[in-house]
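Source file: protein-v4.pdb; contents: PDB, C-alpha atoms and all ligand atoms.
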ATOM      1  CA  MET A   1      15.981   6.415  -6.670  1.00  0.00           C
ATOM      2  CA  THR A   2      17.213   3.761  -9.068  1.00  0.00           C
ATOM      3  CA  GLU A   3      14.695   2.661 -11.637  1.00  0.00           C
ATOM      4  CA  ARG A   4      15.158  -0.545 -13.575  1.00  0.00           C
ATOM      5  CA  VAL A   5      12.868  -1.960 -16.245  1.00  0.00           C
ATOM      6  CA  ALA A   6      12.455  -5.701 -16.742  1.00  0.00           C
ATOM      7  CA  LYS A   7      11.215  -6.564 -20.220  1.00  0.00           C
ATOM      8  CA  CYS A   8      10.179  -9.573 -22.227  1.00  0.00           C
ATOM      9  CA  MET A   9      12.252 -10.573 -25.246  1.00  0.00           C
ATOM     10  CA  CYS A  10      10.116  -8.605 -27.733  1.00  0.00           C
ATOM     11  CA  GLY A  11       9.769  -5.600 -25.415  1.00  0.00           C
ATOM     12  CA  GLN A  12       5.964  -5.508 -25.422  1.00  0.00           C
ATOM     13  CA  LEU A  13       5.590  -6.436 -21.712  1.00  0.00           C
ATOM     14  CA  SER A  14       7.626  -4.656 -19.080  1.00  0.00           C
ATOM     15  CA  ILE A  15       7.667  -3.698 -15.435  1.00  0.00           C
ATOM     16  CA  ALA A  16       9.479  -0.657 -14.067  1.00  0.00           C
ATOM     17  CA  CYS A  17      10.839  -1.165 -10.543  1.00  0.00           C
ATOM     18  CA  THR A  18      12.174   1.590  -8.303  1.00  0.00           C
ATOM     19  CA  GLY A  19      14.739   1.106  -5.574  1.00  0.00           C
ATOM     20  CA  GLU A  20      16.601  -2.069  -4.779  1.00  0.00           C
ATOM     21  CA  PRO A  21      14.768  -5.391  -4.575  1.00  0.00           C
ATOM     22  CA  HIS A  22      13.481  -6.342  -1.146  1.00  0.00           C
ATOM     23  CA  PHE A  23      15.195  -9.669  -1.659  1.00  0.00           C
ATOM     24  CA  VAL A  24      16.837 -11.756  -4.358  1.00  0.00           C
ATOM     25  CA  GLY A  25      16.623 -15.517  -4.238  1.00  0.00           C
ATOM     26  CA  MET A  26      17.978 -18.391  -6.216  1.00  0.00           C
ATOM     27  CA  CYS A  27      15.433 -21.149  -6.795  1.00  0.00           C
ATOM     28  CA  HIS A  28      16.129 -24.713  -7.834  1.00  0.00           C
ATOM     29  CA  CYS A  29      12.501 -25.853  -7.965  1.00  0.00           C
ATOM     30  CA  HIS A  30      11.209 -27.728 -11.011  1.00  0.00           C
ATOM     31  CA  GLU A  31       8.747 -24.955 -11.822  1.00  0.00           C
ATOM     32  CA  CYS A  32      11.454 -22.282 -11.930  1.00  0.00           C
ATOM     33  CA  GLN A  33      13.662 -24.600 -13.969  1.00  0.00           C
ATOM     34  CA  THR A  34      10.859 -25.087 -16.474  1.00  0.00           C
ATOM     35  CA  ARG A  35       9.719 -21.461 -16.516  1.00  0.00           C
ATOM     36  CA  SER A  36      13.199 -20.074 -17.080  1.00  0.00           C
ATOM     37  CA  GLY A  37      14.504 -22.883 -19.272  1.00  0.00           C
ATOM     38  CA  SER A  38      17.610 -22.819 -17.119  1.00  0.00           C
ATOM     39  CA  VAL A  39      18.609 -25.180 -14.312  1.00  0.00           C
ATOM     40  CA  PHE A  40      17.791 -22.579 -11.658  1.00  0.00           C
ATOM     41  CA  ALA A  41      16.113 -19.189 -11.544  1.00  0.00           C
ATOM     42  CA  VAL A  42      17.127 -15.959  -9.860  1.00  0.00           C
ATOM     43  CA  ASN A  43      14.026 -14.160  -8.649  1.00  0.00           C
ATOM     44  CA  SER A  44      13.667 -10.713  -7.126  1.00  0.00           C
ATOM     45  CA  ALA A  45      10.845  -9.177  -5.124  1.00  0.00           C
ATOM     46  CA  PHE A  46       9.818  -5.540  -5.067  1.00  0.00           C
ATOM     47  CA  PRO A  47       7.034  -3.954  -3.010  1.00  0.00           C
ATOM     48  CA  ASN A  48       3.973  -3.640  -5.239  1.00  0.00           C
ATOM     49  CA  ASP A  49       3.939   0.141  -4.927  1.00  0.00           C
ATOM     50  CA  HIS A  50       7.497   0.285  -6.306  1.00  0.00           C
ATOM     51  CA  THR A  51       6.459  -1.472  -9.514  1.00  0.00           C
ATOM     52  CA  LYS A  52       4.684  -0.287 -12.636  1.00  0.00           C
ATOM     53  CA  PRO A  53       3.741  -2.943 -15.193  1.00  0.00           C
ATOM     54  CA  SER A  54       3.056  -1.982 -18.757  1.00  0.00           C
ATOM     55  CA  GLY A  55       1.920  -3.879 -21.827  1.00  0.00           C
ATOM     56  CA  GLU A  56      -0.419  -6.767 -22.378  1.00  0.00           C
ATOM     57  CA  SER A  57       0.102  -9.991 -20.454  1.00  0.00           C
ATOM     58  CA  LYS A  58      -1.451 -13.402 -20.293  1.00  0.00           C
ATOM     59  CA  THR A  59      -1.443 -15.188 -16.977  1.00  0.00           C
ATOM     60  CA  PHE A  60      -0.833 -18.662 -15.706  1.00  0.00           C
ATOM     61  CA  THR A  61      -1.729 -19.621 -12.147  1.00  0.00           C
ATOM     62  CA  ARG A  62      -0.401 -22.606 -10.298  1.00  0.00           C
ATOM     63  CA  VAL A  63      -0.778 -23.878  -6.754  1.00  0.00           C
ATOM     64  CA  ALA A  64       2.352 -24.031  -4.644  1.00  0.00           C
ATOM     65  CA  GLU A  65       3.027 -26.837  -2.178  1.00  0.00           C
ATOM     66  CA  SER A  66       1.617 -24.593   0.541  1.00  0.00           C
ATOM     67  CA  GLY A  67      -1.734 -24.559  -1.264  1.00  0.00           C
ATOM     68  CA  ARG A  68      -1.356 -20.889  -2.129  1.00  0.00           C
ATOM     69  CA  LYS A  69      -1.522 -19.629  -5.667  1.00  0.00           C
ATOM     70  CA  VAL A  70       1.126 -17.917  -7.747  1.00  0.00           C
ATOM     71  CA  THR A  71       0.060 -16.060 -10.903  1.00  0.00           C
ATOM     72  CA  TYR A  72       2.664 -15.479 -13.596  1.00  0.00           C
ATOM     73  CA  HIS A  73       2.386 -12.723 -16.201  1.00  0.00           C
ATOM     74  CA  PHE A  74       3.902 -13.530 -19.561  1.00  0.00           C
ATOM     75  CA  CYS A  75       3.972 -11.820 -22.940  1.00  0.00           C
ATOM     76  CA  PRO A  76       1.390 -13.267 -25.353  1.00  0.00           C
ATOM     77  CA  ASN A  77       3.689 -12.385 -28.230  1.00  0.00           C
ATOM     78  CA  CYS A  78       7.068 -13.836 -27.211  1.00  0.00           C
ATOM     79  CA  GLY A  79       6.121 -15.965 -24.188  1.00  0.00           C
ATOM     80  CA  THR A  80       8.611 -14.499 -21.706  1.00  0.00           C
ATOM     81  CA  THR A  81       7.460 -14.496 -18.078  1.00  0.00           C
ATOM     82  CA  VAL A  82       8.392 -11.113 -16.637  1.00  0.00           C
ATOM     83  CA  TYR A  83       6.666 -10.875 -13.226  1.00  0.00           C
ATOM     84  CA  TRP A  84       4.317 -12.696 -10.870  1.00  0.00           C
ATOM     85  CA  HIS A  85       2.197 -12.352  -7.757  1.00  0.00           C
ATOM     86  CA  GLY A  86       1.877 -14.910  -4.999  1.00  0.00           C
ATOM     87  CA  GLU A  87      -0.746 -15.260  -2.302  1.00  0.00           C
ATOM     88  CA  MET A  88       2.040 -16.027   0.139  1.00  0.00           C
ATOM     89  CA  LEU A  89       3.449 -12.515  -0.121  1.00  0.00           C
ATOM     90  CA  PRO A  90       0.664 -10.364  -1.535  1.00  0.00           C
ATOM     91  CA  GLU A  91       2.457  -7.065  -0.874  1.00  0.00           C
ATOM     92  CA  MET A  92       5.326  -8.062  -3.180  1.00  0.00           C
ATOM     93  CA  THR A  93       5.764  -8.507  -6.918  1.00  0.00           C
ATOM     94  CA  GLY A  94       8.191 -11.156  -8.103  1.00  0.00           C
ATOM     95  CA  VAL A  95      10.354 -10.164 -11.060  1.00  0.00           C
ATOM     96  CA  ALA A  96      12.686 -12.363 -13.135  1.00  0.00           C
ATOM     97  CA  VAL A  97      16.160 -10.928 -12.507  1.00  0.00           C
ATOM     98  CA  GLY A  98      17.440 -11.895 -15.952  1.00  0.00           C
ATOM     99  CA  ALA A  99      14.754  -9.760 -17.602  1.00  0.00           C
ATOM    100  CA  PHE A 100      16.404  -6.601 -16.245  1.00  0.00           C
ATOM    101  CA  ARG A 101      19.569  -7.190 -18.291  1.00  0.00           C
ATOM    102  CA  ASP A 102      21.287  -5.291 -15.495  1.00  0.00           C
ATOM    103  CA  PRO A 103      24.268  -6.855 -13.724  1.00  0.00           C
ATOM    104  CA  SER A 104      24.128  -4.319 -10.868  1.00  0.00           C
ATOM    105  CA  ILE A 105      21.317  -6.155  -9.075  1.00  0.00           C
ATOM    106  CA  HIS A 106      22.712  -7.638  -5.883  1.00  0.00           C
ATOM    107  CA  ALA A 107      23.515 -11.327  -5.582  1.00  0.00           C
ATOM    108  CA  PRO A 108      20.956 -13.673  -4.051  1.00  0.00           C
ATOM    109  CA  GLU A 109      20.973 -13.859  -0.279  1.00  0.00           C
ATOM    110  CA  ARG A 110      19.253 -17.229  -0.178  1.00  0.00           C
ATOM    111  CA  ALA A 111      18.643 -20.324  -2.242  1.00  0.00           C
ATOM    112  CA  VAL A 112      15.524 -22.448  -2.005  1.00  0.00           C
ATOM    113  CA  TRP A 113      14.529 -25.908  -3.196  1.00  0.00           C
ATOM    114  CA  ALA A 114      18.073 -27.227  -2.947  1.00  0.00           C
ATOM    115  CA  GLN A 115      16.581 -30.722  -2.889  1.00  0.00           C
ATOM    116  CA  THR A 116      16.079 -30.488  -6.655  1.00  0.00           C
ATOM    117  CA  ARG A 117      19.335 -28.649  -7.433  1.00  0.00           C
ATOM    118  CA  HIS A 118      21.348 -29.952 -10.394  1.00  0.00           C
ATOM    119  CA  ALA A 119      24.434 -31.727  -9.114  1.00  0.00           C
ATOM    120  CA  TRP A 120      26.967 -29.376 -10.724  1.00  0.00           C
ATOM    121  CA  VAL A 121      25.379 -26.124  -9.459  1.00  0.00           C
ATOM    122  CA  HIS A 122      26.928 -24.366  -6.457  1.00  0.00           C
ATOM    123  CA  GLU A 123      25.461 -21.438  -4.561  1.00  0.00           C
ATOM    124  CA  PRO A 124      27.538 -18.310  -3.967  1.00  0.00           C
ATOM    125  CA  ASP A 125      29.489 -18.519  -0.687  1.00  0.00           C
ATOM    126  CA  GLY A 126      27.738 -17.465   2.475  1.00  0.00           C
ATOM    127  CA  ILE A 127      24.125 -17.508   1.411  1.00  0.00           C
ATOM    128  CA  SER A 128      21.353 -19.358   3.245  1.00  0.00           C
ATOM    129  CA  VAL A 129      20.264 -22.561   1.563  1.00  0.00           C
ATOM    130  CA  TYR A 130      16.919 -24.227   2.222  1.00  0.00           C
ATOM    131  CA  PRO A 131      15.973 -27.718   1.069  1.00  0.00           C
ATOM    132  CA  LYS A 132      12.476 -26.563   0.161  1.00  0.00           C
ATOM    133  CA  GLY A 133      10.678 -23.225   0.280  1.00  0.00           C
ATOM    134  CA  HIS A 134      11.256 -20.324   2.621  1.00  0.00           C
ATOM    135  CA  LYS A 135       8.770 -17.746   3.774  1.00  0.00           C
ATOM    136  CA  TYR A 136      10.427 -15.178   1.530  1.00  0.00           C
ATOM    137  CA  GLY A 137      11.330 -17.623  -1.146  1.00  0.00           C
ATOM    138  CA  HIS A 138       8.638 -19.216  -3.104  1.00  0.00           C
ATOM    139  CA  GLU A 139       7.298 -22.618  -2.652  1.00  0.00           C
ATOM    140  CA  THR A 140       6.080 -25.354  -4.830  1.00  0.00           C
ATOM    141  CA  VAL A 141       6.363 -29.019  -5.503  1.00  0.00           C
ATOM    142  CA  ALA A 142       3.510 -30.457  -7.440  1.00  0.00           C
ATOM    143  CA  PRO A 143       2.448 -28.118 -10.221  1.00  0.00           C
ATOM    144  CA  LYS A 144      -1.300 -28.116 -10.522  1.00  0.00           C
ATOM    145  CA  LEU A 145      -2.955 -26.278 -13.301  1.00  0.00           C
ATOM    146  CA  VAL A 146      -5.476 -23.848 -11.881  1.00  0.00           C
ATOM    147  CA  ALA A 147      -6.189 -21.565 -14.773  1.00  0.00           C
ATOM    148  CA  ALA A 148      -4.602 -20.520 -17.995  1.00  0.00           C
ATOM    149  CA  THR A 149      -6.149 -17.419 -19.450  1.00  0.00           C
TER     150      THR A 149
HETATM  151 ZN    ZN B 201       7.252 -10.150 -25.581  1.00  0.00          ZN
HETATM  152 ZN    ZN B 202      11.062 -21.849  -7.821  1.00  0.00          ZN
END
Exercise: express the given structure as structure tokens:
Amino acid sequence: MTERVAKCMCGQLSIACTGEPHFVGMCHCHECQTRSGSVFAVNSAFPNDHTKPSGESKTFTRVAESGRKVTYHFCPNCGTTVYWHGEMLPEMTGVAVGAFRDPSIHAPERAVWAQTRHAWVHEPDGISVYPKGHKYGHETVAPKLVAAT
């Protein structure tokens, strides 16, 4: 089975993922824009038992619009967020697609939070687009600081 490793910029924090992602989504929400530093994020999800994190991480937890928490794991050395866990989909681990540095990961099949999409961005043809969250996307509007450890 394919194994891919997503890593932070300095390489200290990584997560090995086997198989193909359960889904890949494009997200235009403000939190993904801020987290990634880009105008949208491309996020993948792998079943927890197909992932193996390694290295030291710090975490940041925020509350999504749904009231459920999402906890991000980032490298304390270089600050890159590599993976996260959400209460909405506890059996899955979210992984930043860019951190794989692997162009063979399939294109997103959906885009969420189109209501905050930058005007010049266009989704790939044929994908589902949701104005806000989706049950397999991730949801947020108002970022509320829950805990920074
Ligand atoms: Zn790092
Ligand atoms: Zn998002």
Using the chain letters and numbers from this file, what does the PyMOL selection byres (((chain A and resi 118) around 12) and not hetatm) select? Give the answer as a list of chain:residue names.
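That expression, the PyMOL selection byres (((chain A and resi 118) around 12) and not hetatm), corresponds here to A:Cys27, A:His28, A:Cys29, A:His30, A:Gln33, A:Ser38, A:Val39, A:Phe40, A:Trp113, A:Ala114, A:Gln115, A:Thr116, A:Arg117, A:Ala119, A:Trp120, A:Val121, A:His122, A:Glu123.
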Take the PyMOL selection byres (((chain A and resi 5) around 6) and not hetatm), apply it to the structure above, and return the hits as a PyMOL selection string.
chain A and resi 4+6+15-16+100
Any chance you could export the current selection's C-alpha atoms as an mmCIF file, keeping the file's coordinate frame?
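The file below, part_30.cif, is the result:
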data_model
loop_
_atom_site.group_PDB
_atom_site.id
_atom_site.type_symbol
_atom_site.label_atom_id
_atom_site.label_comp_id
_atom_site.auth_asym_id
_atom_site.auth_seq_id
_atom_site.Cartn_x
_atom_site.Cartn_y
_atom_site.Cartn_z
ATOM 1 C CA ARG A 4 15.158 -0.545 -13.575
ATOM 2 C CA ALA A 6 12.455 -5.701 -16.742
ATOM 3 C CA ILE A 15 7.667 -3.698 -15.435
ATOM 4 C CA ALA A 16 9.479 -0.657 -14.067
ATOM 5 C CA PHE A 100 16.404 -6.601 -16.245
#
What gap, in Å, lies between atom CA of A:Ser57 and atom CA of A:Met1?
26.7 Å
Which residues are close to A:Ile127, i.e. within 8 Å by only C-alpha atoms, leaving aside same-chain residues fewer than 4 positions away? Reply as a PDB file with C-alpha atoms, keeping the file's coordinate frame.
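Resulting contents of around-v2.pdb:
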ATOM      1  CA  PRO A 108      20.956 -13.673  -4.051  1.00  0.00           C
ATOM      2  CA  GLU A 109      20.973 -13.859  -0.279  1.00  0.00           C
ATOM      3  CA  ARG A 110      19.253 -17.229  -0.178  1.00  0.00           C
ATOM      4  CA  ALA A 111      18.643 -20.324  -2.242  1.00  0.00           C
ATOM      5  CA  GLU A 123      25.461 -21.438  -4.561  1.00  0.00           C
TER       6      GLU A 123
END
Find the residues around A:Gly86 up to 8 Å (only C-alpha atoms counted), leave out those fewer than 4 positions away in its own chain, and share them as a VMD selection string.
chain A and resid 68 to 71 90 92 to 94
For the point (-3.0, -8.7, -28.4) in the file's frame, write as a PyMOL selection string all residues with an atom no more than 12 Å away, counting all atoms listed in the file.
chain A and resi 12-13+55-58+75-78
Exercise on stretch 7-11 of chain A, axis-aligned box with 5 Å per side, report centre and edge lengths in Å to one decimal, as JSON:
{"center_x": 11.0, "center_y": -8.1, "center_z": -24.0, "size_x": 12.5, "size_y": 15.0, "size_z": 17.5}
Quick check, in Å to one decimal: how far apart do atom CA of A:Ala64 and atom CA of A:Cys10 lie?
28.8 Å
